[in-house]
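One file, target25.txt, is given below (compact mmCIF, C-alpha atoms).
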# COMPACT_ATOMS: atom_id res chain seq x y z
CA MET A 1 124.49 52.79 67.48
CA PRO A 2 122.29 55.86 66.76
CA THR A 3 121.08 57.99 69.68
CA PHE A 4 117.41 57.56 70.60
CA ASN A 5 115.36 60.44 69.27
CA PRO A 6 111.62 60.45 70.13
CA ALA A 7 110.95 62.60 67.06
CA ASN A 8 111.86 59.59 64.92
CA VAL A 9 109.80 57.07 66.88
CA LEU A 10 106.10 56.39 66.41
CA MET A 11 103.89 56.02 69.47
CA ALA A 12 102.98 52.53 68.25
CA ASP A 13 106.64 51.58 68.75
CA ALA A 14 107.04 53.33 72.11
CA LEU A 15 104.12 52.18 74.25
CA THR A 16 105.81 53.03 77.53
CA GLY A 17 108.43 55.48 78.74
CA SER A 18 108.97 59.04 79.88
CA VAL A 19 107.15 61.97 78.33
CA PRO A 20 109.78 63.93 76.33
CA VAL A 21 111.46 66.43 78.64
CA GLU A 22 110.45 69.54 76.70
CA THR A 23 106.82 68.47 76.48
CA SER A 24 106.78 67.34 80.11
CA VAL A 25 108.05 70.76 81.21
CA GLN A 26 105.37 72.45 79.10
CA MET A 27 102.60 70.26 80.52
CA ILE A 28 103.75 70.83 84.08
CA GLY A 29 103.77 74.55 83.29
CA ASP A 30 100.19 74.24 82.05
CA VAL A 31 99.21 72.49 85.29
CA VAL A 32 100.83 75.16 87.48
CA GLN A 33 99.38 78.02 85.44
CA ASN A 34 95.82 76.67 85.59
CA SER A 35 95.73 75.27 89.11
CA ALA A 36 94.12 77.80 91.45
CA VAL A 37 96.12 76.44 94.39
CA MET A 38 99.46 76.38 92.57
CA GLN A 39 98.97 79.99 91.45
CA LEU A 40 98.91 81.12 95.09
CA ALA A 41 100.73 78.50 97.17
CA GLN A 42 104.51 78.52 97.58
CA PHE A 43 106.50 76.18 95.38
CA GLU A 44 109.13 73.97 96.99
CA GLU A 45 112.02 72.59 94.95
CA MET A 46 112.13 68.81 95.34
CA SER A 47 114.75 66.35 94.08
CA THR A 48 113.21 63.34 95.84
CA LEU A 49 109.68 62.24 96.75
CA GLU A 50 110.06 63.56 100.31
CA LYS A 51 111.44 66.82 101.64
CA GLU A 52 111.71 68.25 105.13
CA ILE A 53 110.60 71.87 105.40
CA THR A 54 111.77 74.03 108.29
CA TYR A 55 109.85 77.24 108.81
CA LEU A 56 109.77 79.96 111.43
CA ALA A 57 106.76 79.57 113.73
CA GLU A 58 107.77 82.29 116.18
CA GLY A 59 110.59 84.81 115.91
CA PRO A 60 113.05 85.88 118.62
CA GLY A 61 111.91 88.49 121.12
CA ALA A 62 113.45 91.75 122.29
CA TYR A 63 113.58 93.10 125.86
CA TRP A 64 113.77 96.44 127.67
CA VAL A 65 116.78 96.53 129.94
CA GLY A 66 118.23 98.96 132.36
CA GLU A 67 121.87 100.01 132.54
CA ALA A 68 124.12 97.13 133.63
CA GLU A 69 121.19 94.71 133.82
CA ARG A 70 121.50 91.24 132.34
CA ILE A 71 119.95 91.06 128.89
CA GLU A 72 117.60 88.14 128.52
CA THR A 73 118.14 85.83 125.59
CA SER A 74 115.56 84.24 123.39
CA LYS A 75 115.59 82.11 120.32
CA PRO A 76 113.23 81.66 117.40
CA THR A 77 110.91 78.67 117.26
CA TRP A 78 111.46 76.58 114.16
CA VAL A 79 109.08 73.84 113.07
CA THR A 80 109.94 70.98 110.75
CA ALA A 81 107.34 69.34 108.51
CA LYS A 82 107.65 66.67 105.86
CA LEU A 83 106.40 67.34 102.34
CA VAL A 84 105.55 64.02 100.62
CA ALA A 85 104.81 63.65 96.90
CA LYS A 86 101.95 61.39 95.82
CA LYS A 87 101.41 59.78 92.43
CA LEU A 88 98.73 61.38 90.28
CA ALA A 89 97.58 59.53 87.17
CA VAL A 90 95.25 60.19 84.28
CA ILE A 91 93.89 57.67 81.77
CA LEU A 92 92.63 59.00 78.44
CA PRO A 93 91.09 56.83 75.68
CA VAL A 94 92.44 57.66 72.22
CA SER A 95 91.86 56.41 68.70
CA ASN A 96 94.52 54.03 67.40
CA GLU A 97 95.12 56.45 64.55
CA PHE A 98 96.94 58.65 67.07
CA LEU A 99 99.63 55.96 67.43
CA ALA A 100 100.83 56.82 63.91
CA TYR A 101 102.21 60.14 65.19
CA ASN A 102 105.72 60.45 66.53
CA VAL A 103 106.15 60.79 70.29
CA PRO A 104 106.51 64.62 70.53
CA GLN A 105 103.60 65.23 68.11
CA PHE A 106 101.36 62.88 70.04
CA PHE A 107 101.99 64.50 73.41
CA GLN A 108 101.65 68.01 72.03
CA MET A 109 98.17 67.09 70.81
CA MET A 110 97.26 65.44 74.12
CA ARG A 111 98.90 68.15 76.24
CA PRO A 112 95.78 70.27 77.00
CA LYS A 113 93.67 67.28 78.07
CA ILE A 114 96.43 65.81 80.22
CA ALA A 115 97.12 69.13 81.95
CA GLU A 116 93.42 69.77 82.58
CA ALA A 117 92.97 66.34 84.15
CA PHE A 118 95.94 66.90 86.46
CA TYR A 119 95.15 70.42 87.69
CA THR A 120 91.47 69.56 88.15
CA LYS A 121 92.27 66.55 90.33
CA PHE A 122 94.96 68.42 92.28
CA ASP A 123 92.70 71.37 93.10
CA GLN A 124 89.84 69.07 94.13
CA ALA A 125 92.14 67.32 96.61
CA THR A 126 93.94 70.37 97.98
CA LEU A 127 90.95 72.70 98.25
CA PHE A 128 88.34 70.27 99.57
CA GLY A 129 90.08 66.96 100.29
CA THR A 130 88.10 65.26 97.52
CA ASN A 131 89.63 61.82 96.81
CA SER A 132 92.82 63.17 98.31
CA PRO A 133 95.95 61.07 98.87
CA TYR A 134 97.22 63.64 101.36
CA ALA A 135 96.54 63.59 105.09
CA ALA A 136 92.97 64.61 105.97
CA GLU A 137 94.11 67.89 107.52
CA HIS A 138 95.98 68.93 104.39
CA SER A 139 93.22 70.66 102.47
CA ILE A 140 92.36 74.35 102.62
CA LEU A 141 88.78 73.75 103.76
CA ALA A 142 89.90 71.30 106.46
CA ALA A 143 92.50 73.79 107.73
CA ALA A 144 89.95 76.61 107.90
CA THR A 145 87.44 74.36 109.67
CA THR A 146 90.01 73.14 112.22
CA ALA A 147 90.99 76.74 112.96
CA GLY A 148 87.35 77.72 113.49
CA ASN A 149 87.55 79.98 110.44
CA ALA A 150 84.77 78.41 108.37
CA VAL A 151 81.63 80.55 108.43
CA ALA A 152 78.36 80.20 106.57
CA ALA A 153 77.38 82.88 104.08
CA ASP A 154 74.13 84.79 104.55
CA ASP A 155 72.45 85.46 101.21
CA ALA A 156 70.37 88.18 102.89
CA GLU A 157 73.45 90.22 103.80
CA ALA A 158 75.86 92.22 101.63
CA LEU A 159 78.80 90.17 100.39
CA TYR A 160 81.20 93.01 101.22
CA GLY A 161 80.68 92.67 104.95
CA GLN A 162 80.93 88.90 104.82
CA LEU A 163 84.20 88.89 102.89
CA ASN A 164 85.60 91.60 105.12
CA GLY A 165 84.72 89.51 108.15
CA LEU A 166 86.25 86.42 106.54
CA LEU A 167 89.59 88.15 106.11
CA GLY A 168 89.28 89.42 109.67
CA LEU A 169 89.22 85.85 110.98
CA ILE A 170 92.71 85.35 109.59
CA GLU A 171 93.91 88.77 110.70
CA ASP A 172 92.72 88.03 114.25
CA ASN A 173 95.65 85.58 114.35
CA GLU A 174 98.07 88.37 113.32
CA ILE A 175 98.33 86.85 109.85
CA ASP A 176 97.90 88.77 106.60
CA PRO A 177 95.81 86.99 103.96
CA ASP A 178 97.25 87.44 100.47
CA GLY A 179 94.79 85.77 98.12
CA ILE A 180 91.31 84.35 97.57
CA VAL A 181 90.25 81.27 95.64
CA THR A 182 86.76 81.12 94.20
CA VAL A 183 84.99 80.15 90.99
CA ARG A 184 84.18 82.27 87.94
CA SER A 185 80.44 82.09 88.53
CA MET A 186 81.05 84.44 91.48
CA LYS A 187 82.27 87.25 89.20
CA GLN A 188 78.78 88.66 88.67
CA LYS A 189 78.21 88.96 92.42
CA PHE A 190 81.62 90.53 92.92
CA ARG A 191 81.08 93.12 90.18
CA GLY A 192 77.86 94.32 91.77
CA GLU A 193 79.19 94.57 95.30
CA LEU A 194 80.00 98.00 96.83
CA ASP A 195 81.82 98.98 99.98
CA ASN A 196 80.44 101.35 102.63
CA THR A 197 81.40 104.38 100.53
CA GLY A 198 79.65 103.09 97.42
CA ARG A 199 82.80 102.05 95.57
CA PRO A 200 83.19 98.62 93.90
CA ILE A 201 85.16 96.07 95.91
CA TYR A 202 86.06 94.13 92.74
CA VAL A 203 88.75 95.27 90.29
CA LYS A 204 89.20 93.56 86.94
CA GLY A 205 92.79 92.57 86.21
CA ASP A 206 94.57 94.10 83.24
CA GLY A 207 96.32 90.99 81.97
CA THR A 208 99.52 91.71 83.87
CA ALA A 209 97.78 91.49 87.25
CA PRO A 210 94.92 89.20 88.33
CA ASP A 211 91.43 90.28 89.31
CA ASP A 212 91.28 91.40 92.92
CA ILE A 213 88.67 91.93 95.59
CA LEU A 214 89.24 94.04 98.68
CA GLY A 215 92.82 94.46 97.44
CA LEU A 216 93.59 90.73 97.33
CA PRO A 217 94.27 88.79 94.10
CA ILE A 218 91.64 86.27 93.03
CA SER A 219 92.61 82.84 91.71
CA TYR A 220 89.77 81.13 89.85
CA ALA A 221 89.46 77.39 90.18
CA SER A 222 87.98 75.36 87.35
CA GLY A 223 84.26 74.72 87.66
CA LYS A 224 85.18 71.01 87.74
CA SER A 225 87.53 71.60 90.68
CA PHE A 226 85.57 73.97 92.89
CA ASP A 227 82.79 72.38 94.95
CA LYS A 228 80.19 75.13 95.36
CA THR A 229 78.26 72.95 97.80
CA LYS A 230 81.20 73.28 100.23
CA ALA A 231 82.54 76.81 99.76
CA VAL A 232 81.83 80.20 98.23
CA ALA A 233 85.38 81.50 98.67
CA LEU A 234 88.59 80.39 100.38
CA ALA A 235 91.05 82.99 101.66
CA GLY A 236 94.44 82.68 103.24
CA ASP A 237 98.10 83.45 103.63
CA TRP A 238 99.13 81.10 100.85
CA ASP A 239 102.78 81.00 101.91
CA MET A 240 101.44 78.60 104.52
CA ALA A 241 100.50 76.13 101.77
CA ARG A 242 103.36 74.40 99.96
CA PHE A 243 103.56 72.18 96.88
CA GLY A 244 106.34 70.44 94.99
CA ILE A 245 106.81 68.49 91.77
CA PRO A 246 109.91 66.30 92.12
CA GLN A 247 110.14 64.82 88.63
CA GLY A 248 108.73 64.69 85.12
CA MET A 249 105.93 62.58 83.67
CA THR A 250 105.87 58.97 82.57
CA TYR A 251 103.36 57.19 80.36
CA LYS A 252 102.08 53.80 79.25
CA ILE A 253 99.70 52.87 76.43
CA SER A 254 97.39 49.85 76.55
CA GLU A 255 95.56 48.47 73.53
CA ASP A 256 93.48 45.74 75.19
CA ALA A 257 92.31 47.05 78.56
CA THR A 258 88.72 47.57 79.66
CA LEU A 259 88.09 51.02 81.13
CA THR A 260 85.76 50.37 84.03
CA THR A 261 85.53 54.06 84.99
CA ILE A 262 84.24 55.11 81.55
CA VAL A 263 81.02 53.79 80.04
CA ASP A 264 79.48 54.03 76.59
CA GLU A 265 76.00 55.11 75.54
CA ASN A 266 74.61 51.82 76.87
CA ASP A 267 76.25 52.26 80.28
CA VAL A 268 78.74 49.49 79.49
CA ALA A 269 82.45 49.70 80.30
CA ILE A 270 84.56 50.50 77.24
CA ASN A 271 86.60 47.59 75.87
CA LEU A 272 89.52 49.07 73.90
CA PHE A 273 90.11 46.01 71.71
CA GLU A 274 86.46 45.91 70.59
CA ARG A 275 86.53 49.59 69.67
CA ASP A 276 89.96 49.66 68.02
CA MET A 277 91.13 52.19 70.61
CA SER A 278 94.00 52.60 73.03
CA ALA A 279 94.28 54.09 76.51
CA LEU A 280 97.01 56.51 77.49
CA ARG A 281 98.02 56.57 81.17
CA VAL A 282 100.23 59.45 82.26
CA THR A 283 101.58 59.79 85.80
CA MET A 284 103.32 62.52 87.74
CA TYR A 285 104.21 63.11 91.39
CA VAL A 286 102.91 66.13 93.31
CA ALA A 287 103.38 67.07 96.97
CA PHE A 288 101.16 69.36 99.04
CA MET A 289 100.70 70.37 102.65
CA VAL A 290 99.23 73.10 104.84
CA LEU A 291 101.67 74.47 107.41
CA GLN A 292 99.30 76.55 109.56
CA ASP A 293 95.53 76.08 109.89
CA GLU A 294 94.93 79.59 111.22
CA ALA A 295 96.24 81.06 107.98
CA PHE A 296 93.07 80.04 106.10
CA ALA A 297 89.36 80.85 106.21
CA ALA A 298 86.34 79.62 104.27
CA LEU A 299 83.03 81.24 103.39
CA THR A 300 80.63 78.31 103.06
CA PRO A 301 77.23 78.27 101.34
CA ASP A 302 74.08 79.61 102.99
CA VAL A 303 72.22 76.62 104.42
CA THR A 304 69.20 78.60 105.65
CA PRO A 305 66.04 76.68 104.65
Could you quickly redo this structure as structure tokens?
Amino acid sequence: MPTFNPANVLMADALTGSVPVETSVQMIGDVVQNSAVMQLAQFEEMSTLEKEITYLAEGPGAYWVGEAERIETSKPTWVTAKLVAKKLAVILPVSNEFLAYNVPQFFQMMRPKIAEAFYTKFDQATLFGTNSPYAAEHSILAAATTAGNAVAADDAEALYGQLNGLLGLIEDNEIDPDGIVTVRSMKQKFRGELDNTGRPIYVKGDGTAPDDILGLPISYASGKSFDKTKAVALAGDWDMARFGIPQGMTYKISEDATLTTIVDENDVAINLFERDMSALRVTMYVAFMVLQDEAFAALTPDVTP
């Protein structure tokens, strides 16, 4: 019997299955590369949907001792947390003509849209808790708020002082912030901001290094992901945020469903059979958690009337 080769199979004859490994790896790479959170947070290898993480909360101490005195002993404090992967799915309507392509060709064409849908949804959940499957405390804004590190911006004051103070909130806990997440519409404000000596606080990246502000790299979230009504910028020690992707992607194609979350020009749900269309559903599993609230801070919008 011949070995199954997706390159020889049309999508019309393979309506369900796993996304080809090579394409799945590429799409996951696209998700990681474009997710603002994944660019900064620490990746955890996962072989199952759950993984216990043990991290050092407090190191061992040292003591001054006199000659012949007993040396006190101490031990580090280790904390264990459980990283749990949740299913993330995207449904995309496609023309039935696409089903005439072979499996790899089809997914290469759909790859950008699938990746965008995944990293947009992931960043919405992990930055702001929007429609999040994770515990309520496991978003960057929730962590900053719980730690008392969420402060409102003042449009009447220089942004330099406000960002400096934001980083100081994290440093007050003896933690070094190592990155900032914001949105591209903030670039103009950053470019025009000067420090107390009149020098720019924003440095444009050269392609090998990201943009930075006050010496910290900037990760830009998609405009669809970043809720500007909730935050101006989010800073933190991103080693204290972890994510994992335990397996590849699977898919299923339906030719007769009604897409209730998508409407046509008459505000009517789209019936695939009536429109000679199909719907592609792709799923993947992603885990995320925040290990330490005090490691994050949020500059929220100015609410002054």
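Each of A:Ala158, A:Val282, A:Ile245, A:Val183 was compared to Phe226 (chain A) using only C-alpha atoms, and A:Val183 turns out to be the nearest.
Of the listed residues (A:Arg199, A:Lys189, A:Arg242, A:Arg281), A:Arg242 comes nearest to Val84 (chain A); the distances count all atoms listed in the file.
The space separating CA of Ile218 (chain A) from CA of Lys82 (chain A) comes to 28.4 Å.
Using all atoms listed in the file, the residues found no farther than 8 Å from Phe288 (chain A), other than those of its own chain fewer than 2 positions away, are Leu83, Val84, Ala85, Thr126, Tyr134, His138, Ala241, Arg242, Phe243, Gly244, Val286 and Val290 of chain A.
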List every protein, DNA or RNA residue that has at least one atom no more than 8 Å from (91.7, 59.5, 81.3) in the file's coordinates, counting only C-alpha atoms, and write the result as a ChimeraX atom specification.
/A:90-93,114,117,279-281
Nearest residue to Leu49 (chain A) from the set A:Arg184, A:Pro301, A:Glu97, A:Lys86 (distances using all atoms listed in the file):
A:Lys86
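Proximity of A:Trp238, A:Tyr101, A:Phe43, A:Phe106 to Pro177 (chain A), computed with all atoms listed in the file, is greatest for A:Trp238.
CA of Ser219 (chain A) is positioned 19.9 Å from CA of Glu171 (chain A).
For the set A:Gln292, A:Ile140, A:Gln247, A:Asp211, the residue with the smallest atom-to-atom gap to Ala231 (chain A) is A:Ile140, counting all atoms listed in the file.
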Option closest in space to Gly148 (chain A), from A:Leu299, A:Ile175, A:Val181, A:Met186 [counting all atoms listed in the file]
A:Leu299
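For the pair CA of Ala153 (chain A) and CA of Thr300 (chain A), the interatomic distance is 5.7 Å.
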Could you list, as a PDB file with C-alpha atoms, keeping the file's coordinate frame, every residue within 10 Å of Phe118 (chain A), counting only C-alpha atoms and ignoring same-chain residues fewer than 5 positions away?
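Saved as selection00.pdb:
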ATOM      1  CA  MET A  27     102.600  70.260  80.520  1.00  0.00           C
ATOM      2  CA  ILE A  28     103.750  70.830  84.080  1.00  0.00           C
ATOM      3  CA  ASP A  30     100.190  74.240  82.050  1.00  0.00           C
ATOM      4  CA  VAL A  31      99.210  72.490  85.290  1.00  0.00           C
ATOM      5  CA  VAL A  32     100.830  75.160  87.480  1.00  0.00           C
ATOM      6  CA  ASN A  34      95.820  76.670  85.590  1.00  0.00           C
ATOM      7  CA  SER A  35      95.730  75.270  89.110  1.00  0.00           C
ATOM      8  CA  LEU A  88      98.730  61.380  90.280  1.00  0.00           C
ATOM      9  CA  ALA A  89      97.580  59.530  87.170  1.00  0.00           C
ATOM     10  CA  VAL A  90      95.250  60.190  84.280  1.00  0.00           C
ATOM     11  CA  LYS A 113      93.670  67.280  78.070  1.00  0.00           C
ATOM     12  CA  ASP A 123      92.700  71.370  93.100  1.00  0.00           C
ATOM     13  CA  VAL A 282     100.230  59.450  82.260  1.00  0.00           C
ATOM     14  CA  THR A 283     101.580  59.790  85.800  1.00  0.00           C
ATOM     15  CA  MET A 284     103.320  62.520  87.740  1.00  0.00           C
ATOM     16  CA  VAL A 286     102.910  66.130  93.310  1.00  0.00           C
TER      17      VAL A 286
END
